[in-house]
Amino acid sequence: MHELEGAQEAITWLEQQIRARPGCWVLSGRHIPVVLQAALDNASPLVLDEDDLMLSPAETALWLAPAGYSEVEAQAWHAYTRGWPLAVAVLARLAAHFSVPREQLVGTLETYLHETLFARLWAEQPPGVRRLLQLSSVALRFNRALAEYLWRWAEEADAFQDAWTAIFARRLFVEPAEQPEQWRYHPLFRDFMRAQETQVETVARTVMTWAREQGDWDLAIEQALAEELWEDAAALLEVIPMQVIWHSGRVLTLRRWVLSLPRAVSHAHPMLLARLGIELCRVGAVAEGAKWIEESAALLEAREDPESLFRAWQTRSYLSFTTGRYTEAIARAQTVLSWVSHPKQRLEVLTRLGNAYACSGQLPAARLVYREAIRLAEAVGDQTYAVFMRDNLAANVLAPMGYLPQAAALLEQNRPFYDREARPANQAIHLEGWATLDIEIGDWERLQARLTTIDHLLSQVEAPAGSALFWLYAFKATLAIAQGAWETAEAHLTQAEAWHVNRPDRLLALAQLRAWLARRRGRPDEAVQVAEAALAQPWQEPLPRGLVALEREIALEEQAARAPLTLHPDLHALRQARAMPPLLRLRALLLCRCYRAGQMDAARRHLQALKAVLNRLPHLRPVLTDRDPELGHRAWRVALLLGDEEEAVPALGRISNVAGLTDLLHHADPAVRRRAAQALAATRRETAMPPLHAMLEQECDPGVRRALEEALAQLEAAPPPPLRVQFCGRFRVWRGEEEIPDHAWPRPAVVRLFQYFVLHRGQPLLRDRILEDLWPDQPPQRSKSLFRRLLSWMHQVLEPHMRPRGPFRYFSVAWEVYTFDPLGRVSVDVECFERVVREALQARDLPDLPPVPGELLEVLEAWQPPVSAALYEAWWLERAERWQQLYAQGCLYVAQAYLVRGALQHAVEWSDRAIVATPWLEETYQIKMRALARLGQRSQALAVYAAARRALAQELGILPSPLTEHLAERLRQGELI
């Protein structure tokens, strides 16, 4: 059809023929003349565009199979031709019928298309269009701004807007690039157009200039490499801000760019090799990184000028640090620090020196160096360096030394910087500093939240730093060990091992975690073996070795055999580093060991020293309750036996090891029994009630009896564990973290009564109403008797640890009024479902539909028809019908929201859910028709219309509405809906 442009007589004749016989035409062209549109609209045509006609990979493979191409080869040709049917057909014909050798197929295909289709299209275009095609085809990708920039640079006289519009209107092989609002040409057509341009290199440099001005470093560098402008590419790589690489961790991209340069060019720019080597080491590719670092350092040293010599030191020092040669890194840094004077260079040296001190366990020295670096960075106005040094000081020095408030203050001071910069890789490293603080005191809930955020941030990074990945997996393993998820911990330790790059500090950290894992699993022998194997290695990192030795000593204490009183010599490093959290654990260990050996005076001295530290540093109390609860329980139990109440009772209560305290109720000393009762009450655990009640029945000492009664009263007055009730799919109840098994309910009638109260929770109910709702046909006395018996059984199910005739904490009873869940301890899935859906549906009539709430998606995806023991009773049926209607309305809302935002496949999926739930709801079919049409699946959209007609006739006995009919008609005409 595009060939008829300007041939008015032919177009008029064709228009008349189409009107006379509207159903007998197949029209094809790059565009259809405007004057034919009216005739075509009346004919209700089916319109197929390039996307409809493009061959799929499987179809391409089918075309090329007769020529002997494998599926992999066919996939490559599909990517090259973009599934263009004409190119694939020509390729198949050249291969099958003309026996063109495979190595010549590309050239032959290009020649054929250039000499036939492309040459003819080129000749048909106006001069302005041809010129814009020439200019824009040089760029690997372009947008309107770049095309207009090239147009002005070429000083073209024609109107740019006319040429730009014509390129798209004439469908001249323009296709979207990966970036939004960016375009490129089909590679076959681009090659032809570039051949028409005589100044490709000059135009390419103009593209690179524009891209650099716009901050589009990818386009600038890729364009230089594609045109083999090697010096231009090297110059760009030397000045590219590293934030461009760090923002998304694009180290592999940097590697490809640098190694694309000829050898002579990269040798002329040795800092490119140094930068590449350093970044490769950062992401764990140490062997390759070391190769480029050594090569660049040799090239720099050959120049002999001071700046080059400093850069050579910088790269070699980084390599020493990365490979764990900290003594060597410290010596190099101290030597250079003595002669370097430039502030920026001194900052780099101080950074390396502080990091090496910290990793080797020399924390006081590292603290001094970091503080000097912070002062220098602030003096020269380098806020970025100051922020990084504060992070290092907080996470690498202050946290291990136990100065957690000071560390938190430094990290908090840096928060605005990371919020403002918004670079995922750096934000993740900053959060890992916070995670270090969480681990020191065992704040596992907060650690869980931080690790989730870090995971999300690193998912946005092309190649995260190897150190970030190592510590992420190590922290995940730490959390899993603390939570008792042994298999998960093993998996994370295996992941961390892939990133230790043979650095001794990381290998020792893994050994410490594996020893702790074995100890927590009740395998102290294995823990000792793991620790001793690591300590036998020639790794000279004092603090990490001291932490491994501490795990060994604690495991020895847990063994059945008597542990020796002598300590491993590597534990001295903890004192030298002034690492207070592990020193607290060591003090607790010595308390237990001396008490076990009968050295009571020594044990009391260790207890007093332990309490003195906690009084001075109260923020470290969780070290012996949350961070290491097993060791903490042993130590505070000994403290309880030694007469301490002030620290021991609340600490043992926080640890909540009921089984480890019960035997003390039978101790010969009444004072110990009294303190044990207090500790059990402090646990706030229901499991402490039965042993306390049993002991109360046999205890004779008045003081102990009072303590037991007070403990029981305190536990019984505490709020009950939360109940979580599930109706959807299957009726289930969780009490705290434990599910109540089906066999615990003595009768189905108890379940029915419980469900009734759950669905009326928080409502004061008269007993007569309860009896009328549940037993309307029973005599009053009979129903009252049933109610009392079933309520008693329910009490036993929901309060299994309560003593007989103890309070029923899930009920409030006043006279004959019963209120279930007065304390708000019960959550119900159908209540949550109803609340979330109703809140979302309130936004239906807003002018701008808000984004789909994640909570709404969760409850809709988890929805299953609810189950009850009273399926046919009025109080249940009304609710079940309401929930089913809400589910359908929620699915419809989500489908509409996705349709508005262009997430068309999601709109189809959610409209399907709504159709299954309510097949008579016409609006769901309309949304699905629109979504399929916008996906280019018009035939499927018309099939949905047919399904709507059938469903409406079957369910309601009606025809589709005028809107549905209008949508179907527009679909038949190939119009958008």
# chains A, B, ... in the order shown; residues from 1 in each chain; ligands from 1

call {"tool": "residues_around", "arguments": {"residues": "A:Arg521", "least_positions_apart": "6", "cutoff": "10 Å", "atoms": "only C-alpha atoms", "output": "ChimeraX atom specification"}}
result
/A:481,484-486,515,527

call {"tool": "select_by_dssp", "arguments": {"residues": "stretch 590-734 of chain A", "states": "strand (DSSP E)", "output": "JSON, numbers by chain"}}
result
{"A": [723, 724, 725, 726, 732, 733, 734]}

call {"tool": "select_by_dssp", "arguments": {"residues": "stretch 682-901 of chain A", "states": "alpha helix (DSSP H)", "output": "number ranges by chain"}}
result
A: 682-683, 689-698, 702-717, 748-759, 767-774, 780-798, 829-841, 854-861, 874-900

call {"tool": "closest_residue", "arguments": {"among": "A:Glu645, A:Glu440, A:Glu307, A:Glu490", "to": "A:Asp626", "atoms": "only C-alpha atoms"}}
result
A:Glu440

call {"tool": "residues_around", "arguments": {"residues": "stretch 205-213 of chain A", "least_positions_apart": "5", "cutoff": "12 Å", "atoms": "only C-alpha atoms", "output": "ChimeraX atom specification"}}
result
/A:135-143,145-154,199-200,218-233,235-237,239-241

call {"tool": "residues_around", "arguments": {"residues": "A:Leu363", "least_positions_apart": "6", "cutoff": "7 Å", "atoms": "only C-alpha atoms", "output": "JSON, numbers by chain"}}
result
{"A": [357, 397, 577]}

call {"tool": "write_last_selection", "arguments": {"atoms": "N, CA, C and O atoms", "output": "PDB file, in the first residue's frame"}}
result
ATOM      1  N   TYR A 357      44.694  -2.626  60.388  1.00  0.00           N
ATOM      2  CA  TYR A 357      44.718  -2.761  61.850  1.00  0.00           C
ATOM      3  C   TYR A 357      43.450  -3.461  62.350  1.00  0.00           C
ATOM      4  O   TYR A 357      43.495  -4.359  63.205  1.00  0.00           O
ATOM      5  N   VAL A 397      35.476  -1.347  64.681  1.00  0.00           N
ATOM      6  CA  VAL A 397      36.226  -1.092  65.916  1.00  0.00           C
ATOM      7  C   VAL A 397      35.302  -0.953  67.123  1.00  0.00           C
ATOM      8  O   VAL A 397      35.377  -1.731  68.082  1.00  0.00           O
ATOM      9  N   ALA A 577      42.685  -6.561  72.475  1.00  0.00           N
ATOM     10  CA  ALA A 577      41.800  -5.795  71.594  1.00  0.00           C
ATOM     11  C   ALA A 577      40.746  -5.030  72.383  1.00  0.00           C
ATOM     12  O   ALA A 577      40.020  -4.216  71.796  1.00  0.00           O
TER      13      ALA A 577
END

call {"tool": "atom_distance", "arguments": {"atom1": "atom CA of A:Arg171", "atom2": "atom CA of A:Leu932"}}
result
23.9 Å

call {"tool": "atom_distance", "arguments": {"atom1": "atom CA of A:Gln182", "atom2": "atom CA of A:Gln937"}}
result
25.4 Å

call {"tool": "residues_around", "arguments": {"residues": "A:Pro569", "least_positions_apart": "4", "cutoff": "12 Å", "atoms": "only C-alpha atoms", "output": "list in words"}}
result
Leu535, Pro542, Leu543, Arg545, Gly546, Leu547, Val548, Ala549, Leu550, Arg552, Glu553, Ala573, Leu574 and Arg575 of chain A

call {"tool": "residues_around", "arguments": {"residues": "A:Tyr818", "least_positions_apart": "3", "cutoff": "9 Å", "atoms": "only C-alpha atoms", "output": "PyMOL selection string"}}
result
chain A and resi 763-767+811-815

call {"tool": "write_last_selection", "arguments": {"atoms": "all heavy atoms", "output": "compact mmCIF listing (two decimals), in the first residue's frame"}}
result
# COMPACT_ATOMS: atom_id res chain seq x y z
N GLN A 763 -17.46 -9.00 71.34
CA GLN A 763 -18.86 -8.59 71.52
C GLN A 763 -19.41 -9.18 72.84
O GLN A 763 -19.35 -10.39 73.04
CB GLN A 763 -19.72 -9.10 70.37
CG GLN A 763 -19.28 -8.62 68.99
CD GLN A 763 -20.14 -9.22 67.89
OE1 GLN A 763 -21.31 -9.52 68.11
NE2 GLN A 763 -19.55 -9.40 66.72
N PRO A 764 -19.95 -8.37 73.71
CA PRO A 764 -20.61 -8.90 74.92
C PRO A 764 -21.87 -9.69 74.50
O PRO A 764 -22.75 -9.15 73.83
CB PRO A 764 -20.96 -7.66 75.73
CG PRO A 764 -20.11 -6.56 75.16
CD PRO A 764 -19.91 -6.90 73.72
N LEU A 765 -21.96 -10.95 74.88
CA LEU A 765 -23.06 -11.81 74.48
C LEU A 765 -23.80 -12.32 75.73
O LEU A 765 -23.18 -12.91 76.62
CB LEU A 765 -22.56 -13.00 73.67
CG LEU A 765 -21.82 -12.70 72.36
CD1 LEU A 765 -21.28 -13.99 71.76
CD2 LEU A 765 -22.73 -12.00 71.38
N LEU A 766 -25.09 -12.08 75.78
CA LEU A 766 -25.89 -12.67 76.85
C LEU A 766 -25.93 -14.18 76.71
O LEU A 766 -25.96 -14.71 75.59
CB LEU A 766 -27.32 -12.11 76.80
CG LEU A 766 -27.50 -10.66 77.31
CD1 LEU A 766 -28.89 -10.17 76.95
CD2 LEU A 766 -27.26 -10.60 78.80
N ARG A 767 -25.91 -14.87 77.81
CA ARG A 767 -25.93 -16.33 77.75
C ARG A 767 -27.18 -16.82 77.01
O ARG A 767 -27.11 -17.78 76.23
CB ARG A 767 -25.89 -16.93 79.15
CG ARG A 767 -25.78 -18.45 79.15
CD ARG A 767 -25.67 -19.02 80.53
NE ARG A 767 -26.87 -18.71 81.33
CZ ARG A 767 -27.06 -19.13 82.58
NH1 ARG A 767 -26.12 -19.83 83.18
NH2 ARG A 767 -28.15 -18.82 83.24
N PHE A 811 -11.55 -15.09 78.17
CA PHE A 811 -12.93 -14.67 78.37
C PHE A 811 -13.02 -13.63 79.49
O PHE A 811 -12.23 -13.63 80.44
CB PHE A 811 -13.82 -15.87 78.77
CG PHE A 811 -14.37 -16.61 77.60
CD1 PHE A 811 -13.66 -17.67 77.05
CD2 PHE A 811 -15.59 -16.27 77.04
CE1 PHE A 811 -14.16 -18.38 75.97
CE2 PHE A 811 -16.10 -16.97 75.97
CZ PHE A 811 -15.40 -18.03 75.43
N SER A 812 -14.01 -12.77 79.33
CA SER A 812 -14.43 -11.90 80.41
C SER A 812 -15.90 -12.23 80.67
O SER A 812 -16.73 -12.18 79.76
CB SER A 812 -14.28 -10.43 80.00
OG SER A 812 -14.92 -9.60 80.94
N VAL A 813 -16.20 -12.59 81.93
CA VAL A 813 -17.57 -12.99 82.28
C VAL A 813 -18.06 -12.07 83.39
O VAL A 813 -17.43 -11.97 84.46
CB VAL A 813 -17.63 -14.46 82.74
CG1 VAL A 813 -19.07 -14.84 83.06
CG2 VAL A 813 -17.03 -15.37 81.67
N ALA A 814 -19.15 -11.38 83.13
CA ALA A 814 -19.78 -10.52 84.14
C ALA A 814 -21.26 -10.87 84.19
O ALA A 814 -21.98 -10.69 83.21
CB ALA A 814 -19.59 -9.05 83.77
N TRP A 815 -21.68 -11.39 85.36
CA TRP A 815 -23.04 -11.90 85.48
C TRP A 815 -23.26 -12.96 84.41
O TRP A 815 -22.60 -13.96 84.39
CB TRP A 815 -24.07 -10.76 85.40
CG TRP A 815 -23.87 -9.74 86.48
CD1 TRP A 815 -23.18 -8.56 86.39
CD2 TRP A 815 -24.32 -9.83 87.83
NE1 TRP A 815 -23.17 -7.89 87.58
CE2 TRP A 815 -23.88 -8.65 88.51
CE3 TRP A 815 -25.06 -10.76 88.57
CZ2 TRP A 815 -24.15 -8.40 89.84
CZ3 TRP A 815 -25.34 -10.50 89.90
CH2 TRP A 815 -24.88 -9.33 90.52

call {"tool": "closest_residue", "arguments": {"among": "A:Trp745, A:Phe321, A:Tyr925, A:Tyr872", "to": "A:Ala943", "atoms": "only C-alpha atoms"}}
result
A:Tyr925

call {"tool": "atom_distance", "arguments": {"atom1": "atom CA of A:Val174", "atom2": "atom CA of A:His186"}}
result
6.5 Å
